[in-house]
Structure formats: structure tokens, C-alpha cells
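Engineer: Mind having a look at this structure? Questions to follow.
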Amino acid sequence: MIDLKLVQKNPDVLAKALADRHSDIRVDDFLKLDGRRRELLAEVEAMKGRRNAASAKVAAMKRAGEDASDLLRELGDLSDRIKTLDAETDEAKAAVQEWLMRVPNIPDVSVPVGRDENDNPEVLRWGTPCDFDFEPREHGDIGQTLGGLDFERASRLSGSRFVVSFGWAARLDRALINFFLDQHTRNEGYIEVCPPYIVNRTTMTGTGQLPKFEDDLFRIRDAEQYLIPTAEVPLTNLHAGETLDEASLPLAYCAATPCFRSEAGAAGRDTRGIIRMHQFNKVEMVRFAHPDDSFNQLELMVSHARLLLEMLELPYRVITLCTGDMGFSSAKTYDVEVWLPAQKTYREISSCSNCTDFQARRAGIRFKPKGGKAAFVHTLNGSGLPTGRTIAALLENGQQKDGSVVLPKALAPYMDGVTVIEPRR
RNA sequence: GGAGAGGUAGCGAAGCGGCCGUAACGCGCUCGACUCGAAAUCGAGUUAUCGGUGAUGAGCCGGUACGUGGGUUCGAAUCCCACUCUCUCCGCCA
């Protein structure tokens with residue numbers, strides 16, 4: 001959530017941000033709603049002030065043994081009017097709140113203004129896409145041929161956009177999780193967490209999935225609980241409602257969890273392979289940072305995601321998302337895109353965002369500076385990394401003419417020394 | 001799932017219709033005194049949020065908040081109802 005005061009005092013700052021994002025939310029609507037709220041509030045508060053003063057008088061009279069029945073009759077009327085006006089004020093407040101909850105974060109000044117993914121500037125490239133002396137195959141095809149990925153059985157068990165992994169593929173998934181977690185916890189100072197995969201409405205609201213993106217979530221029937229679409233949700237909400245010790249910042253957590261996404265609106269997109277599944281495993285990084293330091297922390301987190309790809313010898317590039325392509329809660333996002341030779345394109349494998357105080361304000365995550373007033377922390381999140389898309393990249397980039405797949409050396413310790421996935425014979 | 005107990009400041013906890021919410025008392029924290037320094041001791045300070053007025057500051061005026069939401073009442077932390085979470089016991093269960 002953005003700062004109420006900011007919208008009140010600098011509506012044009014928000015108006016520009018919304019225009020840059022190509023949002024259809026209009027600040028004028030807010031000014032109307034908030035104006036009405038303030039009007040009602042001033043009126044009802046004045047009445048309550050009178051009531052409180054009179055009530056104190058009643059108490060004093062009763063103590064003195066005097067008759068207060070005239071005053072009481074008057075107060076009855078006043079109380080009735082307050083009750084009506086209170087209800088109206090509550091409605092006005094709720095309208096303002098609801099409007100605010102649907103407003104996206106304000107992009108940082110360093111974020112390029114643009115319409116959609118075509119306007120995302122490239123920051124850097126690493127590695128060289130491999131030159132194949134044969135036509136490279138798609139990862140889904142390779143995975144099925146090698147007996148590791150089974151889409152038919154998955155669709156029988158569950159439906160479309162699911163996969164069953166067997167043997168080397170299941171093992172590779174587990175190897176990647178361990179490899180990623182080890183790297184983050186041993187070398188980068190992240191605290192490993194095993195959070196719940198089901199969270200309540202408040203938690204989903206804290207990170208910005210709700211109320212706007214309910215359709216993207218799987219909901220538990222008859223309960224106000226949802227399957228997490230990313231570990232960002234439970235990890236960021238870990239400190240909801242807390243005031244953190246300033247000295248503890250930055251705080252860094254990582255977790256490997258399954259992620260559940262309904263992929264509403266993605267019909268027909270990425271239907272081949274394992275790029276877009278309803279369920280996938282991902283290691284997520286989350287950081288809580290001091291506001292003065294959060295953009296440094298973002299650079300640091302991107303470097304953590306990049307390092308994993310470099311250790312896996314996968315060519316990638318980094319782009320900055322432009323204003324029109326950024327997520328709801330983010331003030332600045334870098335996407336790391338891995339090279340997929342069959343599609344001959346870079347595809348998103350990690351998204352690292354600085355959400356500034358947007359989530360912290362929603363979830364109530366503060367810190368108290370020495371001698372100062374409590375302020376909101378900045379929250380950051382980044383994938384590091386999803387296993388499915390990583391497997392896709394490993395299969396496509398490591399494929400050989402004979403149908404086998406060569407794995408990067410870094411994974412050997414996690415794969416019982418296996419460095420080549422051989423075709424079944 | 002059943003029974004009971006409970007949810008009040010950073011923590012523990014008192015209050016159980018108006019004299020109690022910048023909320024007793026204890027701890028913690030901040031500042032000061034004492035000290036070469038520290039401990040101990042002594043003194044002072046320490047809720048958040050909204051509206052108005054100031055400069056988006058300080059201050060001042062007012063409102064709200066005792067798990068959440070309703071109700072009773074002129075007035076609710078206090079009485080009533082529903083929900084929720086925590087703890088204890090029982091049941092069920094990987």
C-alpha cells in the first residue's frame with residue numbers, strides 16, 4: 001500500500017506513477033472519496049467530543065446526587081445521530097481503504113518508463129549461447145525421451161499444466177533445491193525457513209496478492225485460506241505486525257517450497273514443456289532492509305540469483321522491467337532470463353524486486369531507529385531459483401547430438417556423481 | 001472434534017459500568033546522578049493511530065484503540081452475543 005499522506009499531499013506524484021504504469025486507476029476518485037471521509041470524520045468527531053464532555057458531567061452530577069434526567073434525554077438524541085453518522089463514516093473509510101489497496105507501488109526514479117515487455121532495457125549478458133551442429137530440441141521433448149518427464153500421466157492424475165518427474169528428473173529437482181539452498185545458506189548468509197504452504201487472507205493481502213489477484217490463486221474450499229503462489233508470501237509476512245531491531249537489518253531468509261498458480265489468463269501460453277505449471281518447486285530469497293540500503297540490497301540479491309546460473313554454466317541476461325511491465329508491489333524489478341536454445345530466446349528464470357515500504361505498510365513491518373520514531377522497513381524478494389525452468393534450461397543447453405544431456409560439474413555432488421543423463425536403451 | 005482457562009503498552013500483569021488508558025505494580029529500554037569505569041542504587045522519561053491547526057516539523061485541540069466484529073447503555077476494558085487465536089486436558093491422526 002502506498003502512503004495515504006503522499007496521495008493527499010502530492011496527488012500528482014501518484015498520478016504520474018499510475019500513468020507510467022499504464023494503470024486505469026484515477027487519482028481524482030481518491031480525492032473525492034477522501035474528501036468525503038474527512039468531512040464526515042470532522043463532523044462525527046465534534047459530536048463525540050460534545051458527548052464525552054456531557055457524559056463526564058452526568059457522572060459528576062450522579063456522584064453529587066443531582067438529577068441528570070434532562071441532560072440524559074438530550075444525550076440520547078445525540079447518541080442516535082452519532083450512530084447514524086458513524087456508519088456513514090465507516091463506509092467512507094472503507095471506500096478509501098479499498099481504493100488504496102488496489103493501487104500499485106510507485107516505480108523508483110531509476111525505472112525506465114515504458115509500455116510493456118518490449119520496452120525493458122537489457123542490463124547485461126553472461127555466457128555464450130551454445131552453437132549446436134544439429135537442430136536443438138525442446139526440453140519437454142528431451143525430458144520425455146529420456147524418461148524423466150511424464151505429461152500424460154500427470155494430466156490423468158490432475159489435469160493440464162502438471163508434470164510427473166521420474167528417476168533422474170525427480171532427483172535433479174531435489175539436487176537443485178539442495179544446491180540452491182546450500183549456496184544461499186552457506187555462502188550468502190540466508191536463514192533457511194520451512195514455512196506453511198497454506199496461508200490466510202491477511203497474509204495474502206500483506207504481500208499484495210489480494211485483493212486484486214484472487215483469480216491467480218488456488219483457494220481452500222470453504223475457508224479463507226490459499227495455497228501460496230510463491231514463498232515470498234509466507235517469508236515476507238514472517239514479521240508482519242512486528243517492530244524489528246534496527247541492528248538486525250538486513251535480514252535474509254530463503255525457503256524451498258512448492259508454488260501453486262492458477263495461471264488464469266494464460267490459456268494457450270507456454271503449453272509445451274514445463275515453463276508454466278500449476279505447481280512447481282522454487283527456492284525463494286526474501287530480504288528485510290533499511291530504507292537507505294534497500295536498493296543496494298536489490299543489487300546484492302540479483303547477484304545471488306546470477307551466481308547460481310553461472311555455477312550451472314547457463315547463459316543468461318539481466319533486464320530492468322519498465323514501468324508498464326512491473327509487478328503490483330514492486331518499485332523496481334530486475335528479471336534474470338536464461339537462454340533456451342530451442343526457442344532461441346531468453347526466458348525469465350528469476351525476478352528480483354524491491355518492494356520498498358509497500359508491503360511493509362500493508363503487513364505492518366517496522367523497525368525503530370535509535371532515538372527515532374518507528375518506520376517501515378523495505379522488503380525485497382527474488383527467485384533463486386525455480387527448479388522447473390532451471391531443469392528446462394539444463395536440458396536444452398546440455399543436450400548432445402546422441403540424445404544425452406551433459407550436466408554442469410557443480411551438480412555432480414548433488415547427483416551422486418552423475419554428469420550425463422543417458423538415453424534409455 | 002469435545003471440555004476448561006485466557007487475549008490489556010516491548011514483556012509480565014492489575015483493573016471487572018463513570019474517579020482507569022499518555023493504563024497501578026514489576027521487568028525492559030532511553031537519559032541523568034553516583035563511579036576512574038562498570039555493577040548495584042537513586043531520579044526522570046518511554047503507546048499507536050486518525051482529524052483539525054501548523055510547514056509533510058515541534059506544539060496545541062479533538063476523536064479512536066483493552067484479540068476481531070456486533071449488541072445493551074447517556075456512558076463499556078468491565079455486561080450480552082458471534083467469531084478468532086493461544087494455553088491445558090480429552091478424542092482422532094502422519
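Simple scheme: letters A, B, ... for chains in C-alpha cells order, numbers from 1 for residues in each chain, numbers from 1 for ligands in the order shown.
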Could you pull the residues within 8 Å of stretch 29-46 of chain A, counting only C-alpha atoms (C1' of nucleotides), minus those fewer than 5 positions along the same chain, as a ChimeraX atom specification?
Structural biologist: /A:8,82,85-86,88-89,92-93,95-96,99 /B:51-52,62-63
Engineer: Could you dump the residues just selected with N, CA and C atoms (P, O5', C5', C4', C3', O3' and C1' of nucleotides) as a tab-separated table (two decimals), in the first residue's frame?
Structural biologist:
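Contents of part_17.tsv, freshly written:
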chain	number	residue	atom	x	y	z
A	8	GLN	N	-2.50	12.35	-0.44
A	8	GLN	CA	-3.20	13.57	-0.05
A	8	GLN	C	-2.40	14.81	-0.41
A	82	ILE	N	-25.07	10.25	16.31
A	82	ILE	CA	-23.69	9.76	16.18
A	82	ILE	C	-23.67	8.38	15.56
A	85	LEU	N	-24.22	8.66	11.81
A	85	LEU	CA	-23.09	9.30	11.16
A	85	LEU	C	-21.85	8.40	11.19
A	86	ASP	N	-21.71	7.65	12.27
A	86	ASP	CA	-20.59	6.72	12.42
A	86	ASP	C	-20.61	5.68	11.31
A	88	GLU	N	-21.98	5.96	8.37
A	88	GLU	CA	-21.61	6.60	7.11
A	88	GLU	C	-20.10	6.80	7.01
A	89	THR	N	-19.52	7.22	8.13
A	89	THR	CA	-18.07	7.44	8.17
A	89	THR	C	-17.32	6.15	7.91
A	92	ALA	N	-17.33	5.44	4.29
A	92	ALA	CA	-16.41	6.32	3.56
A	92	ALA	C	-14.97	5.87	3.76
A	93	LYS	N	-14.66	5.46	4.99
A	93	LYS	CA	-13.31	4.97	5.29
A	93	LYS	C	-13.00	3.72	4.48
A	95	ALA	N	-14.29	2.79	1.72
A	95	ALA	CA	-14.16	3.11	0.30
A	95	ALA	C	-12.75	3.61	-0.01
A	96	VAL	N	-12.21	4.46	0.87
A	96	VAL	CA	-10.85	4.97	0.70
A	96	VAL	C	-9.86	3.82	0.78
A	99	TRP	N	-9.90	1.57	-2.23
A	99	TRP	CA	-9.23	2.21	-3.36
A	99	TRP	C	-7.72	2.08	-3.22
B	51	G	P	-5.89	11.71	8.58
B	51	G	O5'	-6.84	12.72	9.34
B	51	G	C5'	-8.20	12.85	8.95
B	51	G	C4'	-8.92	13.82	9.85
B	51	G	C3'	-8.37	15.23	9.88
B	51	G	O3'	-8.76	15.98	8.75
B	51	G	C1'	-8.84	14.53	12.08
B	52	G	P	-7.81	17.18	8.24
B	52	G	O5'	-8.00	18.25	9.40
B	52	G	C5'	-9.25	18.90	9.59
B	52	G	C4'	-9.17	19.84	10.76
B	52	G	C3'	-8.05	20.88	10.69
B	52	G	O3'	-8.39	21.96	9.84
B	52	G	C1'	-8.11	19.93	12.85
B	62	G	P	-9.03	18.91	24.27
B	62	G	O5'	-9.66	18.04	23.10
B	62	G	C5'	-11.00	18.27	22.69
B	62	G	C4'	-11.30	17.56	21.41
B	62	G	C3'	-11.29	16.04	21.44
B	62	G	O3'	-12.42	15.49	22.08
B	62	G	C1'	-10.22	16.79	19.48
B	63	G	P	-12.31	14.05	22.71
B	63	G	O5'	-12.36	13.13	21.43
B	63	G	C5'	-13.51	13.13	20.60
B	63	G	C4'	-13.28	12.25	19.40
B	63	G	C3'	-12.97	10.79	19.71
B	63	G	O3'	-14.13	10.07	20.03
B	63	G	C1'	-11.50	11.57	18.04
Engineer: Using only C-alpha atoms (C1' of nucleotides), what table do you get, as a tab-separated table, when you list each residue of chain A with an atom no more than 8 Å from chain B, its nearest pair of atoms, and their distance in Å rounded to one decimal, rows by chain then rising number?
Structural biologist:
residue	atom	partner	partner_atom	distance
A:Lys5	CA	B:U56	C1'	7.6
A:Lys9	CA	B:U56	C1'	7.3
A:Arg38	CA	B:G51	C1'	7.1
A:Leu41	CA	B:G51	C1'	6.7
A:Ala42	CA	B:G51	C1'	6.1
A:Glu45	CA	B:G63	C1'	5.2
A:Ala46	CA	B:G62	C1'	7.3
A:Lys48	CA	B:G63	C1'	7.2
A:Gly49	CA	B:G62	C1'	6.7
A:Ser55	CA	B:G75	C1'	6.0
A:Ala56	CA	B:G18	C1'	7.0
A:Val58	CA	B:C74	C1'	7.7
A:Ala59	CA	B:G18	C1'	5.3
A:Leu71	CA	B:C74	C1'	8.0
A:Leu72	CA	B:C74	C1'	5.0
A:Arg73	CA	B:C74	C1'	7.5
A:Leu75	CA	B:C74	C1'	5.2
A:Gly76	CA	B:C74	C1'	5.8
A:Ser79	CA	B:C74	C1'	7.7
A:Gly371	CA	B:U30	C1'	7.8
Engineer: Run DSSP on the backbone of this structure and report the residues of stretch 321-377 of chain A it assigns to strand (DSSP E or B), as an MDAnalysis selection string.
Structural biologist: chainID A and resid 332:340 345:354 366:368 375:376
Engineer: Quick one: residues within 12 Å of B:G15, only C-alpha atoms (C1' of nucleotides) counted, chain neighbours fewer than 5 positions away excluded, as a VMD selection string?
Structural biologist: chain B and resid 8 20 to 21 23 to 25 66 77 to 78
Engineer: Let's see if you can do this: from backbone DSSP, list all helix (DSSP H, G or I) residues in stretch 112-323 of chain A, as JSON, numbers by chain.
Structural biologist: {"A": [117, 118, 119, 139, 140, 141, 142, 143, 144, 145, 151, 152, 153, 154, 155, 156, 157, 167, 168, 169, 170, 171, 172, 173, 174, 175, 176, 177, 178, 179, 180, 181, 182, 183, 184, 185, 186, 187, 201, 202, 203, 204, 205, 206, 214, 215, 216, 232, 233, 234, 235, 236, 237, 238, 239, 246, 247, 248, 294, 295, 296, 297, 298, 299, 300, 301, 302, 303, 304, 305, 306, 307, 308, 309, 310, 311]}
Engineer: Within 9 Å of stretch 34-48 of chain B, counting only C-alpha atoms (C1' of nucleotides), which residues show up once you throw out same-chain ones fewer than 4 positions away? Write them as a list in words, please.
Structural biologist: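 So the residues in contact are A9, U22, C29, U30 and A65 of chain B.
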Engineer: What is the atom CA of A:Ala175 to atom CA of A:Ile421 distance in Å?
Structural biologist: 14.0 Å
